[in-house]
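Engineer: Shown below is the structure under consideration.
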Amino acid sequence: KLFAYLCRLSKKLRQMEQSAKYPKYMTSKDLKWKGVVKSVYKSGNKLQPIFEAITNALESIEIRKQSGAVFTPYIRIELHYGKTLEGQRDNLYEIVVEDNGIGFDDTNFERVQIFKDECKGFNNLGSGRIQFVHFFQTAEYESRYLNGENKVAFRNLTLSQLDRFIANNCIVCLDGEGLVNDDAEIFTRLRLKEFRDKKDKSFYNGLSVDDLKEAIISHYILYFCSHKDFPRFILEYYYNDEKVETQTIENKDAPAPSLEPVTLTLPLSQVSDDFKRVETTKDNVEVTMRSYKLPMATLSKNQVKIACKEEIVEGVKLKLPCLKADENIDSYRYLFLLTGQYFDDLTEDNRDSIEILTKKDFKKAVVSGKIDSPRVVVETIEETVSEKAESLFEEIGSQKVQYALRMEVLKRQYLLSDEALAEARADDPVEDILSKAYSYDAKIIA
């Protein structure tokens, strides 16, 4: 009896000793986290927290694969809603993203505490987690992983910018760690709780599982198209913890490029010495273009997209001069995806945006001293992609001929000069074409 009592007492003392360590705020001596959080702007894309979680999960799975582990990778996304008395969906109160990647082992736990950690690889500086604390009150991780002794261990942590975190000069708090049973599964579960902004909450309350699936496929289309063995995605909706709807994303859901990838040469632009013109230089960069001809039911509009780290960059808006955005040819639309080291090098803290300027904005930036080196401008990308699209798809080339005829009709009808139409696009509405032409004339008269 005495031995049993001493064992219980010893266990209790160990538990007390362990509990005294947590929560453990991961304070930084080199950074002021209050300023860091303010310096990384909240994304305008309301799905960005989910995209950040998916990207982290894909990286974690890839690292585990590289370690030689044999497993069936998955990413599960759960949206938990309340339920009204009538059984209808009520407010969203929790988002769960789970994967079976490498988990928060010692190396990855150390990285999550570092801002702009360049050793993480995958062109990811680790600043995406700040989007979690911008959107939600808390982001709670529960992770199980193999430690250095090949035993299953756990590590729980919370990310937040609540006062108690900022007061301790951190956004990461270690809630507990230790060993679990050897036969436990490896996984990392992220729980995003309590929206900080009512507008974000309202958006998610109206989000359907089909909308979420479509958004994920669109955002990661390059990843899905370039990886035949990508993890299985499971999307689940819950009402009061009762699963009511499930969707999956598998190989059959990923569209394939209609043609082989091609290389585009994009000349860099600079401002002339007299600061009056934007002109191309002899230097250029190479990017890869993948072309997709998809049914109009699948693709809502013709698009040119830039992708960094196999993610679509939503913040860059590009037009396709050879086609109207909402036009279809025989019930098909076209998507052109651009990738290259040049774009990757422009990636900053917020992965959903990089800076590609129009000639006008580029000129202003150079004159104001904000930019002092040649860049690729929007017009160069649009014109190069359009020319290549016309040569790759005969039907698009024919469409451009029709646009040219339309422009000739407008020139004759409204007595417009070629110079006045230099900035106009053939696919612009008539009002926009006239506005640009008359603005040019007004400047000449002035």
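Every chain in the structure tokens has a letter given in the order shown (A, B, ...), and although residue numbers restart at 1 in each chain, ligands are simply numbered from 1 in the order shown.
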May I have a table of the residues of region 51-106 of chain A lying at most 10 Å from region 232-245 of chain A, giving each one's closest pair of atoms and their distance in Å to one decimal, counting only C-alpha atoms, ordered by chain and ascending residue number, as a Markdown table?

Structural biologist:
```
| residue | atom | partner | partner_atom | distance |
| --- | --- | --- | --- | --- |
| A:Ile54 | CA | A:Phe233 | CA | 9.7 |
| A:Thr72 | CA | A:Arg232 | CA | 8.5 |
| A:Pro73 | CA | A:Arg232 | CA | 6.6 |
| A:Tyr74 | CA | A:Arg232 | CA | 4.7 |
| A:Ile75 | CA | A:Phe233 | CA | 5.0 |
| A:Arg76 | CA | A:Ile234 | CA | 4.7 |
| A:Ile77 | CA | A:Leu235 | CA | 4.9 |
| A:Glu78 | CA | A:Glu236 | CA | 4.8 |
| A:Leu79 | CA | A:Tyr237 | CA | 5.0 |
| A:His80 | CA | A:Tyr238 | CA | 4.7 |
| A:Tyr81 | CA | A:Tyr239 | CA | 4.9 |
| A:Gly82 | CA | A:Asn240 | CA | 5.0 |
| A:Lys83 | CA | A:Tyr239 | CA | 5.5 |
| A:Thr84 | CA | A:Tyr239 | CA | 9.2 |
| A:Gly87 | CA | A:Tyr239 | CA | 8.5 |
| A:Gln88 | CA | A:Tyr239 | CA | 8.3 |
| A:Arg89 | CA | A:Tyr239 | CA | 6.4 |
| A:Asp90 | CA | A:Tyr239 | CA | 7.9 |
| A:Asn91 | CA | A:Tyr239 | CA | 9.5 |
| A:Leu92 | CA | A:Tyr239 | CA | 9.0 |
| A:Tyr93 | CA | A:Asn240 | CA | 9.8 |
| A:Glu94 | CA | A:Tyr238 | CA | 9.9 |
| A:Ile95 | CA | A:Tyr237 | CA | 9.7 |
| A:Val96 | CA | A:Glu236 | CA | 9.6 |
| A:Val97 | CA | A:Leu235 | CA | 9.5 |
| A:Glu98 | CA | A:Ile234 | CA | 9.7 |
| A:Asp99 | CA | A:Phe233 | CA | 9.5 |
```

Engineer: Within 7 Å of region 365-380 of chain A, counting only C-alpha atoms, which residues show up once you throw out same-chain ones fewer than 3 positions away? Write them as a list in words, please.

Structural biologist: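 The neighbour list is Leu266, Pro267, Leu268, Ser269, Gln270, Ile356, Leu357, Thr358, Lys359, Asp361, Phe362, Glu383 and Thr384 of chain A.
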
Engineer: Would you save the residues from that selection as a PDB file, in the first residue's frame, using N, CA and C atoms?

Structural biologist:
```
ATOM      1  N   LEU A 266      10.394  37.610 -71.706  1.00  0.00           N
ATOM      2  CA  LEU A 266       9.799  38.897 -71.356  1.00  0.00           C
ATOM      3  C   LEU A 266      10.903  39.941 -71.195  1.00  0.00           C
ATOM      4  N   PRO A 267      10.919  40.966 -72.043  1.00  0.00           N
ATOM      5  CA  PRO A 267      11.941  42.015 -71.897  1.00  0.00           C
ATOM      6  C   PRO A 267      11.668  42.872 -70.663  1.00  0.00           C
ATOM      7  N   LEU A 268      12.742  43.302 -70.002  1.00  0.00           N
ATOM      8  CA  LEU A 268      12.617  44.224 -68.881  1.00  0.00           C
ATOM      9  C   LEU A 268      12.420  45.643 -69.409  1.00  0.00           C
ATOM     10  N   SER A 269      11.738  46.463 -68.632  1.00  0.00           N
ATOM     11  CA  SER A 269      11.483  47.849 -69.033  1.00  0.00           C
ATOM     12  C   SER A 269      12.187  48.821 -68.105  1.00  0.00           C
ATOM     13  N   GLN A 270      12.527  49.976 -68.638  1.00  0.00           N
ATOM     14  CA  GLN A 270      13.121  51.046 -67.842  1.00  0.00           C
ATOM     15  C   GLN A 270      12.537  52.387 -68.322  1.00  0.00           C
ATOM     16  N   ILE A 356       3.547  43.660 -59.738  1.00  0.00           N
ATOM     17  CA  ILE A 356       3.756  43.796 -61.171  1.00  0.00           C
ATOM     18  C   ILE A 356       3.045  45.087 -61.572  1.00  0.00           C
ATOM     19  N   LEU A 357       3.793  46.085 -62.049  1.00  0.00           N
ATOM     20  CA  LEU A 357       3.236  47.411 -62.293  1.00  0.00           C
ATOM     21  C   LEU A 357       2.916  47.645 -63.770  1.00  0.00           C
ATOM     22  N   THR A 358       1.920  48.496 -64.004  1.00  0.00           N
ATOM     23  CA  THR A 358       1.668  48.968 -65.356  1.00  0.00           C
ATOM     24  C   THR A 358       2.764  49.966 -65.734  1.00  0.00           C
ATOM     25  N   LYS A 359       2.869  50.301 -67.004  1.00  0.00           N
ATOM     26  CA  LYS A 359       3.872  51.281 -67.439  1.00  0.00           C
ATOM     27  C   LYS A 359       3.701  52.602 -66.689  1.00  0.00           C
ATOM     28  N   ASP A 361       2.301  53.206 -63.692  1.00  0.00           N
ATOM     29  CA  ASP A 361       2.695  53.122 -62.281  1.00  0.00           C
ATOM     30  C   ASP A 361       4.200  52.897 -62.130  1.00  0.00           C
ATOM     31  N   PHE A 362       4.777  52.144 -63.065  1.00  0.00           N
ATOM     32  CA  PHE A 362       6.219  51.924 -63.033  1.00  0.00           C
ATOM     33  C   PHE A 362       6.969  53.243 -63.208  1.00  0.00           C
ATOM     34  N   GLU A 383       0.799  41.433 -73.619  1.00  0.00           N
ATOM     35  CA  GLU A 383       1.029  41.390 -75.064  1.00  0.00           C
ATOM     36  C   GLU A 383       1.749  40.110 -75.478  1.00  0.00           C
ATOM     37  N   THR A 384       2.743  39.683 -74.675  1.00  0.00           N
ATOM     38  CA  THR A 384       3.502  38.477 -75.010  1.00  0.00           C
ATOM     39  C   THR A 384       2.629  37.239 -74.918  1.00  0.00           C
TER      40      THR A 384
END
```

Engineer: Pick out the closest residue to Lys201 (chain A) from this set: A:Lys46, A:Lys317, A:Thr280, A:Met289. Count only C-alpha atoms.

Structural biologist: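 The answer is A:Lys46, which sits nearest to Lys201 (chain A).
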
Engineer: Name the residues of region 92-338 of chain A that come out as strand (DSSP E) in a backbone DSSP run; write them as a PyMOL selection string.

Structural biologist: chain A and resi 92-99+136-146+152-159+172-179+187-195+232-239+242-249+262-271+278-295+303-308+311-312+332-338

Engineer: Give me the residues within 12 Å of Phe165 (chain A) as a PyMOL selection string, counting only C-alpha atoms and dropping any in the same chain fewer than 4 places off.

Structural biologist: chain A and resi 23-28+32-34+37+133+137-138+158-161+169-174

Engineer: In terms of the shortest atom-to-atom distance over only C-alpha atoms, which of A:Leu192, A:Leu222, A:Gly176, A:Asp163 is closest to Ile50 (chain A)?

Structural biologist: A:Leu192

Engineer: Which of these residues is nearest to Ser39 (chain A), using only C-alpha atoms: A:Lys198, A:Arg8, A:Lys319, A:His134?

Structural biologist: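 Going through A:Lys198, A:Arg8, A:Lys319, A:His134 one by one, the smallest distance to Ser39 (chain A) is for A:His134.
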
Engineer: May I ask which of the residues A:Leu415, A:Ala215, A:Leu320, A:Leu179 is the closest one to Glu387 (chain A), counting only C-alpha atoms?

Structural biologist: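 Of A:Leu415, A:Ala215, A:Leu320, A:Leu179, the one nearest Glu387 (chain A), counting only C-alpha atoms, is A:Leu320.
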
Engineer: Identify which of the residues A:Asn181, A:Ser300, A:Asn284, A:Ser143 lies closest to Asn156 (chain A), counting only C-alpha atoms when measuring atom-to-atom distances.

Structural biologist: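 Between A:Asn181, A:Ser300, A:Asn284, A:Ser143, the residue approaching Asn156 (chain A) most closely is A:Ser143.
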
Engineer: What's the separation between CA of Ile445 (chain A) and CA of Lys276 (chain A), in Å to one decimal place?

Structural biologist: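 About the pair CA of Ile445 (chain A) and CA of Lys276 (chain A): they are 18.1 Å apart.
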
Engineer: Select, from A:His219, A:Ser226, A:Ala153, A:Arg196, the residue with the minimum atom-to-atom distance to Pro261 (chain A), counting only C-alpha atoms.

Structural biologist: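 The answer is A:Ser226, which sits nearest to Pro261 (chain A).
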
Engineer: Please indicate the distance in Å from CA of Val209 (chain A) to CA of Gln247 (chain A), rounded to one decimal place.

Structural biologist: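 Separating CA of Val209 (chain A) from CA of Gln247 (chain A) is a distance of 7.1 Å.
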
Engineer: Work out how far CA of Glu140 (chain A) is from CA of Gly178 (chain A), in Å to one decimal.

Structural biologist: 17.0 Å
